[in-house]
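Peer 1: What follows is model-v3.json, JSON, C-alpha atoms.
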[["chain", "number", "residue", "atom", "x", "y", "z"],
["A", 282, "MET", "CA", 5.99, 85.11, -153.76],
["A", 283, "ALA", "CA", 7.75, 85.13, -150.40],
["A", 284, "THR", "CA", 10.29, 87.88, -149.81],
["A", 285, "SER", "CA", 13.62, 87.23, -148.10],
["A", 286, "ALA", "CA", 12.27, 88.89, -144.91],
["A", 287, "THR", "CA", 9.30, 86.49, -144.93],
["A", 288, "LYS", "CA", 11.58, 83.50, -145.36],
["A", 289, "ILE", "CA", 13.84, 84.66, -142.55],
["A", 290, "ALA", "CA", 10.89, 85.20, -140.20],
["A", 291, "ALA", "CA", 9.38, 81.87, -141.16],
["A", 292, "THR", "CA", 12.61, 80.06, -140.40],
["A", 293, "LYS", "CA", 12.97, 81.92, -137.08],
["A", 294, "ASN", "CA", 9.44, 81.05, -135.86],
["A", 295, "PRO", "CA", 8.43, 77.82, -137.57],
["A", 296, "ASP", "CA", 6.13, 76.48, -134.85],
["A", 297, "GLN", "CA", 5.16, 79.31, -132.55],
["A", 298, "GLY", "CA", 1.46, 78.65, -132.31],
["A", 299, "PHE", "CA", -1.46, 79.29, -134.59],
["A", 300, "VAL", "CA", -0.36, 81.73, -137.30],
["A", 301, "TYR", "CA", -3.82, 83.29, -137.70],
["A", 302, "LEU", "CA", -4.28, 83.98, -133.97],
["A", 303, "PRO", "CA", -3.20, 87.67, -134.12],
["A", 304, "LEU", "CA", -5.51, 88.19, -137.12],
["A", 305, "ILE", "CA", -8.53, 86.69, -135.35],
["A", 306, "ALA", "CA", -7.74, 88.33, -131.99],
["A", 307, "GLY", "CA", -7.22, 91.67, -133.74],
["A", 308, "TRP", "CA", -10.59, 91.36, -135.45],
["A", 309, "LEU", "CA", -12.40, 90.35, -132.25],
["A", 310, "PHE", "CA", -10.96, 93.24, -130.24],
["A", 311, "PRO", "CA", -9.08, 96.24, -131.71],
["A", 312, "GLY", "CA", -5.35, 96.09, -130.92],
["A", 313, "ALA", "CA", -5.45, 92.58, -129.45],
["A", 314, "GLY", "CA", -3.42, 91.16, -132.35],
["A", 315, "HIS", "CA", -0.60, 93.61, -131.64],
["A", 316, "PHE", "CA", -0.80, 92.90, -127.90],
["A", 317, "LEU", "CA", -0.28, 89.18, -128.64],
["A", 318, "LEU", "CA", 2.87, 90.13, -130.56],
["A", 319, "ARG", "CA", 4.03, 92.30, -127.64],
["A", 320, "LYS", "CA", 3.64, 95.50, -129.64],
["A", 321, "TRP", "CA", 2.14, 97.26, -126.63],
["A", 322, "GLY", "CA", 2.41, 100.87, -127.82],
["A", 323, "ARG", "CA", 1.01, 100.23, -131.27],
["A", 324, "GLY", "CA", -1.71, 97.99, -129.88],
["A", 325, "ALA", "CA", -2.75, 100.63, -127.34],
["A", 326, "LEU", "CA", -2.89, 103.38, -129.96],
["A", 327, "LEU", "CA", -4.89, 101.20, -132.36],
["A", 328, "SER", "CA", -7.22, 100.11, -129.59],
["A", 329, "ILE", "CA", -7.81, 103.66, -128.34],
["A", 330, "SER", "CA", -8.37, 105.01, -131.87],
["A", 331, "ILE", "CA", -10.77, 102.31, -133.07],
["A", 332, "VAL", "CA", -12.74, 101.90, -129.83],
["A", 333, "SER", "CA", -13.04, 105.70, -129.47],
["A", 334, "MET", "CA", -14.31, 105.98, -133.03],
["A", 335, "PHE", "CA", -16.88, 103.23, -132.42],
["A", 336, "VAL", "CA", -18.03, 104.70, -129.08],
["A", 337, "MET", "CA", -18.33, 108.19, -130.58],
["A", 338, "GLY", "CA", -20.39, 106.72, -133.41],
["A", 339, "ILE", "CA", -22.74, 105.15, -130.86],
["A", 340, "ALA", "CA", -22.82, 108.40, -128.84],
["A", 341, "MET", "CA", -23.85, 110.30, -131.98],
["A", 342, "LYS", "CA", -26.79, 107.88, -132.26],
["A", 343, "GLY", "CA", -25.28, 106.23, -135.31],
["A", 344, "ARG", "CA", -27.04, 103.33, -136.91],
["A", 345, "ILE", "CA", -25.89, 99.74, -136.41],
["A", 346, "TYR", "CA", -26.66, 97.81, -139.59],
["A", 347, "THR", "CA", -28.57, 94.66, -138.73],
["A", 348, "GLY", "CA", -29.71, 93.37, -142.09],
["A", 349, "ALA", "CA", -29.13, 93.70, -145.80],
["A", 350, "GLN", "CA", -32.28, 95.09, -147.41],
["A", 351, "ASP", "CA", -30.30, 96.74, -150.24],
["A", 352, "ILE", "CA", -26.71, 96.92, -151.44],
["A", 353, "LEU", "CA", -25.83, 99.99, -149.32],
["A", 354, "ASP", "CA", -27.14, 98.26, -146.19],
["A", 355, "LEU", "CA", -25.09, 95.19, -147.11],
["A", 356, "LEU", "CA", -21.91, 97.29, -147.43],
["A", 357, "GLY", "CA", -22.70, 98.98, -144.11],
["A", 358, "LEU", "CA", -23.21, 95.60, -142.46],
["A", 359, "VAL", "CA", -19.86, 94.35, -143.81],
["A", 360, "GLY", "CA", -18.14, 97.46, -142.42],
["A", 361, "ASP", "CA", -19.87, 97.10, -139.05],
["A", 362, "LEU", "CA", -18.90, 93.44, -138.82],
["A", 363, "GLY", "CA", -15.25, 94.54, -138.91],
["A", 364, "ASN", "CA", -15.70, 95.77, -135.33],
["A", 365, "GLY", "CA", -15.77, 92.17, -134.10],
["A", 366, "LEU", "CA", -17.00, 91.80, -130.53],
["A", 367, "LEU", "CA", -17.92, 95.50, -130.33],
["A", 368, "PHE", "CA", -20.51, 94.89, -133.06],
["A", 369, "PHE", "CA", -21.95, 91.80, -131.42],
["A", 370, "ALA", "CA", -22.01, 93.50, -127.99],
["A", 371, "SER", "CA", -23.82, 96.49, -129.46],
["A", 372, "ARG", "CA", -26.39, 94.16, -131.01],
["A", 373, "ILE", "CA", -26.88, 92.25, -127.76],
["A", 374, "PHE", "CA", -27.18, 95.35, -125.56],
["A", 375, "GLY", "CA", -29.20, 97.34, -128.09],
["A", 376, "PHE", "CA", -26.72, 100.17, -128.63],
["A", 377, "GLY", "CA", -26.99, 102.38, -131.69],
["A", 378, "ALA", "CA", -30.09, 103.55, -133.49],
["A", 379, "ASP", "CA", -32.33, 101.59, -135.85],
["A", 380, "GLN", "CA", -33.15, 104.69, -137.87],
["A", 381, "VAL", "CA", -31.12, 107.84, -138.54],
["A", 382, "MET", "CA", -33.15, 110.56, -136.80],
["A", 383, "VAL", "CA", -30.72, 113.49, -136.38],
["A", 384, "THR", "CA", -27.99, 114.99, -138.56],
["A", 385, "THR", "CA", -25.14, 113.80, -136.34],
["A", 386, "ALA", "CA", -26.49, 110.25, -136.53],
["A", 387, "GLU", "CA", -25.34, 110.18, -140.14],
["A", 388, "TYR", "CA", -21.79, 111.01, -139.02],
["A", 389, "GLY", "CA", -22.15, 108.42, -136.26],
["A", 390, "SER", "CA", -23.13, 105.66, -138.70],
["A", 391, "LYS", "CA", -20.08, 106.43, -140.80],
["A", 392, "PHE", "CA", -17.82, 106.49, -137.72],
["A", 393, "ILE", "CA", -19.02, 102.98, -136.80],
["A", 394, "VAL", "CA", -18.52, 101.62, -140.33],
["A", 395, "VAL", "CA", -15.06, 103.19, -140.70],
["A", 396, "ALA", "CA", -14.03, 101.95, -137.23],
["A", 397, "GLY", "CA", -14.81, 98.44, -138.48],
["A", 398, "LEU", "CA", -12.81, 98.91, -141.68],
["A", 399, "LEU", "CA", -9.85, 100.36, -139.75],
["A", 400, "ASN", "CA", -10.03, 97.39, -137.39],
["A", 401, "VAL", "CA", -9.72, 95.01, -140.35],
["A", 402, "ILE", "CA", -6.63, 96.93, -141.54],
["A", 403, "ALA", "CA", -5.14, 96.71, -138.02],
["A", 404, "ALA", "CA", -5.87, 92.97, -137.80],
["A", 405, "VAL", "CA", -4.23, 92.34, -141.19],
["A", 406, "ASP", "CA", -1.22, 94.39, -140.01],
["A", 407, "ALA", "CA", -0.93, 92.12, -136.95],
["A", 408, "HIS", "CA", -1.06, 89.10, -139.26],
["A", 409, "ASN", "CA", 1.67, 90.58, -141.46],
["A", 410, "LEU", "CA", 3.84, 91.16, -138.39],
["A", 411, "ARG", "CA", 3.23, 87.56, -137.28],
["A", 412, "THR", "CA", 4.16, 86.06, -140.65],
["A", 413, "GLY", "CA", 7.16, 88.37, -141.11],
["A", 414, "ARG", "CA", 5.72, 90.10, -144.18],
["A", 415, "LYS", "CA", 6.13, 93.35, -142.23],
["A", 416, "SER", "CA", 9.58, 93.70, -140.75],
["A", 417, "GLU", "CA", 9.05, 95.38, -137.33],
["B", 95, "MET", "CA", -23.09, 113.91, -128.56],
["B", 96, "HIS", "CA", -23.65, 116.51, -131.29],
["B", 97, "PRO", "CA", -20.32, 117.63, -132.76],
["B", 98, "SER", "CA", -20.16, 120.22, -135.52],
["B", 99, "HIS", "CA", -19.29, 119.00, -138.99],
["B", 100, "PHE", "CA", -15.73, 120.35, -138.67],
["B", 101, "THR", "CA", -15.23, 118.70, -135.25],
["B", 102, "ALA", "CA", -16.42, 115.41, -136.75],
["B", 103, "VAL", "CA", -13.89, 115.88, -139.59],
["B", 104, "LEU", "CA", -11.08, 116.51, -137.08],
["B", 105, "LEU", "CA", -11.98, 113.45, -134.98],
["B", 106, "PHE", "CA", -12.33, 111.23, -138.04],
["B", 107, "ALA", "CA", -8.99, 112.44, -139.44],
["B", 108, "LEU", "CA", -7.23, 111.95, -136.10],
["B", 109, "PHE", "CA", -8.35, 108.34, -135.61],
["B", 110, "ALA", "CA", -7.99, 107.26, -139.25],
["B", 111, "SER", "CA", -4.53, 108.87, -139.53],
["B", 112, "THR", "CA", -3.35, 107.11, -136.37],
["B", 113, "VAL", "CA", -4.36, 103.72, -137.75],
["B", 114, "PHE", "CA", -2.96, 104.48, -141.22],
["B", 115, "GLY", "CA", 0.36, 105.65, -139.76],
["B", 116, "ILE", "CA", 0.83, 102.55, -137.60],
["B", 117, "THR", "CA", -0.26, 100.02, -140.21],
["B", 118, "GLN", "CA", 1.26, 101.45, -143.38],
["B", 119, "ARG", "CA", 4.82, 102.21, -142.22],
["B", 120, "ASP", "CA", 7.55, 100.21, -140.47],
["B", 121, "THR", "CA", 9.48, 102.51, -138.16],
["B", 122, "PRO", "CA", 8.04, 104.83, -135.45],
["B", 123, "ARG", "CA", 9.53, 107.93, -137.07],
["B", 124, "ARG", "CA", 7.98, 107.10, -140.46],
["B", 125, "MET", "CA", 4.68, 106.18, -138.78],
["B", 126, "ILE", "CA", 4.44, 109.63, -137.17],
["B", 127, "ARG", "CA", 5.34, 111.38, -140.43],
["B", 128, "TYR", "CA", 2.84, 109.37, -142.46],
["B", 129, "GLY", "CA", 0.13, 109.85, -139.83],
["B", 130, "ALA", "CA", 0.68, 113.61, -139.87],
["B", 131, "TYR", "CA", 0.66, 113.57, -143.68],
["B", 132, "CYS", "CA", -2.67, 111.68, -143.76],
["B", 133, "PHE", "CA", -4.18, 113.99, -141.12],
["B", 134, "THR", "CA", -3.18, 117.06, -143.14],
["B", 135, "LEU", "CA", -4.61, 115.58, -146.33],
["B", 136, "PHE", "CA", -7.89, 114.57, -144.65],
["B", 137, "VAL", "CA", -8.48, 117.98, -143.09],
["B", 138, "GLY", "CA", -7.03, 119.97, -145.99],
["B", 139, "SER", "CA", -9.10, 118.19, -148.61],
["B", 140, "ALA", "CA", -12.27, 118.65, -146.50],
["B", 141, "ILE", "CA", -11.63, 122.41, -146.28],
["B", 142, "VAL", "CA", -10.83, 122.74, -150.00],
["B", 143, "LEU", "CA", -13.88, 120.69, -151.05],
["B", 144, "SER", "CA", -16.08, 122.71, -148.70],
["B", 145, "TRP", "CA", -14.98, 125.98, -150.32],
["B", 146, "ILE", "CA", -15.53, 124.49, -153.80],
["B", 147, "MET", "CA", -19.06, 123.47, -152.82],
["B", 148, "PHE", "CA", -19.64, 126.92, -151.31],
["B", 149, "PHE", "CA", -18.80, 128.64, -154.62],
["B", 150, "ILE", "CA", -20.77, 126.10, -156.69],
["B", 151, "ALA", "CA", -23.84, 126.71, -154.52],
["B", 152, "ARG", "CA", -23.71, 130.52, -155.00]]
As structure tokens, please, write out the structure in this file.
Peer 2:
Amino acid sequence: MATSATKIAATKNPDQGFVYLPLIAGWLFPGAGHFLLRKWGRGALLSISIVSMFVMGIAMKGRIYTGAQDILDLLGLVGDLGNGLLFFASRIFGFGADQVMVTTAEYGSKFIVVAGLLNVIAAVDAHNLRTGRKSE
Amino acid sequence: MHPSHFTAVLLFALFASTVFGITQRDTPRRMIRYGAYCFTLFVGSAIVLSWIMFFIAR
């Protein structure tokens, strides 16, 4: 059910481009959805937080999930996919470990998965701002 | 990069709290307060659970 704020926003911006663009851009690159909506400060903070988390995960020799041999691998893959282009770039350039070899690699794997999940939350937030479901 | 477990907790809490604060609240003031609240809960719960596990293991 649409709230009054949603209705107001929808009537203010009826035809301002593709409504899912901030969602898709935000998924592809952390913070990009907020940048499209000119939320520079929020976008920068989200981008720094999520990219830093992903890079630290890689630096800790965290594992990038590449397949789904069992249910835990499948959940890890879904989380990793939330990183958007960072995930695909890491696959292309061979970043991350195939096997967890050191203790910190376990933290690193979790950092990468959680960075992906946080990126999905950020992208949905950008979509909510675009549709007017979130006020500011 | 080989951070200690506690450093990893602090980094995790910092980044997750930043995203939670920005996405779950509307105004900058409330974002900062909620981010600080989440950070405290992340770190505090890790410390409390660590002590619980320490006493269980003894």
Peer 1: Could you give me, as a list of chain:residue names, the residues within 12 Å of Met125 in chain B, counting only C-alpha atoms and dropping anything in the same chain fewer than 3 positions from it?
Peer 2: A:Arg323, A:Leu326, A:Glu417, B:Ser111, B:Thr112, B:Val113, B:Phe114, B:Gly115, B:Ile116, B:Thr117, B:Gln118, B:Arg119, B:Asp120, B:Thr121, B:Pro122, B:Tyr128, B:Gly129, B:Ala130, B:Tyr131, B:Cys132
Peer 1: Rounded to one decimal place, report the CA of Leu353 in chain A-CA of Gln380 in chain A distance in Å.
Peer 2: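 Answer for the CA of Leu353 in chain A to CA of Gln380 in chain A separation: 14.4 Å.
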Peer 1: Within 12 Å of Asp354 in chain A, counting all atoms listed in the file, which residues qualify if same-chain residues fewer than 5 places away don't, as a PyMOL selection string?
Peer 2: chain A and resi 344-349+359-361+390+394
Peer 1: Give me the residues near range 137-144 of chain B as a ChimeraX atom specification, where near means some atom within 9 Å (using only C-alpha atoms) and where sequence neighbours in that chain fewer than 4 positions away do not count.
Peer 2: /B:100,103-104,107,132-133,148-149
Peer 1: I need the residue nearest Phe106 in chain B from this list: A:Ile352, A:Leu362, A:Met337, A:Leu367. Use all atoms listed in the file for the distance.
Peer 2: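 Ranking A:Ile352, A:Leu362, A:Met337, A:Leu367 by distance to Phe106 in chain B, first place goes to A:Met337.
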Peer 1: Between A:Ala340, A:Leu327, A:Ala407, A:Ile373, which one has atoms that come closest to Pro311 in chain A, using only C-alpha atoms?
Peer 2: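 Closest residue, counting only C-alpha atoms: A:Leu327.
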Peer 1: At a cut-off of 9 Å, using all atoms listed in the file, what residues contact Arg411 in chain A? Leave out same-chain residues fewer than 3 positions from it and give the result as a PyMOL selection string.
Peer 2: chain A and resi 290+300-304+318+406-408+414-415
Peer 1: Any chance you can output those residues with C-alpha atoms as a PDB file, keeping the file's coordinate frame?
Peer 2:
ATOM      1  CA  ALA A 290      10.890  85.200-140.200  1.00  0.00           C
ATOM      2  CA  VAL A 300      -0.360  81.730-137.300  1.00  0.00           C
ATOM      3  CA  TYR A 301      -3.820  83.290-137.700  1.00  0.00           C
ATOM      4  CA  LEU A 302      -4.280  83.980-133.970  1.00  0.00           C
ATOM      5  CA  PRO A 303      -3.200  87.670-134.120  1.00  0.00           C
ATOM      6  CA  LEU A 304      -5.510  88.190-137.120  1.00  0.00           C
ATOM      7  CA  LEU A 318       2.870  90.130-130.560  1.00  0.00           C
ATOM      8  CA  ASP A 406      -1.220  94.390-140.010  1.00  0.00           C
ATOM      9  CA  ALA A 407      -0.930  92.120-136.950  1.00  0.00           C
ATOM     10  CA  HIS A 408      -1.060  89.100-139.260  1.00  0.00           C
ATOM     11  CA  ARG A 414       5.720  90.100-144.180  1.00  0.00           C
ATOM     12  CA  LYS A 415       6.130  93.350-142.230  1.00  0.00           C
TER      13      LYS A 415
END
Peer 1: Any idea what the distance is between CA of Ser330 in chain A and CA of Ala110 in chain B?
Peer 2: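 One can read the CA of Ser330 in chain A to CA of Ala110 in chain B distance as 7.7 Å.
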Peer 1: Based on all atoms listed in the file, which of the residues in chain A come within 10 Å of chain B? I want them as a ChimeraX atom specification.
Peer 2: /A:323-324,326-334,337-342,383-386,388-389,391-392,395-396,398-400,402-407,409-410,415-417
Peer 1: Could you state the separation of CA of Ala378 in chain A and CA of Gly343 in chain A in Å, given to one decimal place?
Peer 2: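 Taking CA of Ala378 in chain A and CA of Gly343 in chain A, their separation equals 5.8 Å.
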Peer 1: Build an axis-aligned box that encloses every atom of range 104-123 of chain B listed in the file, pad it by 3 Å on each side, and report its centre and edge lengths in Å to one decimal, as AutoDock Vina command-line options.
Peer 2:
--center_x -1.4 --center_y 108.3 --center_z -139.2 --size_x 27.9 --size_y 22.5 --size_z 14.4
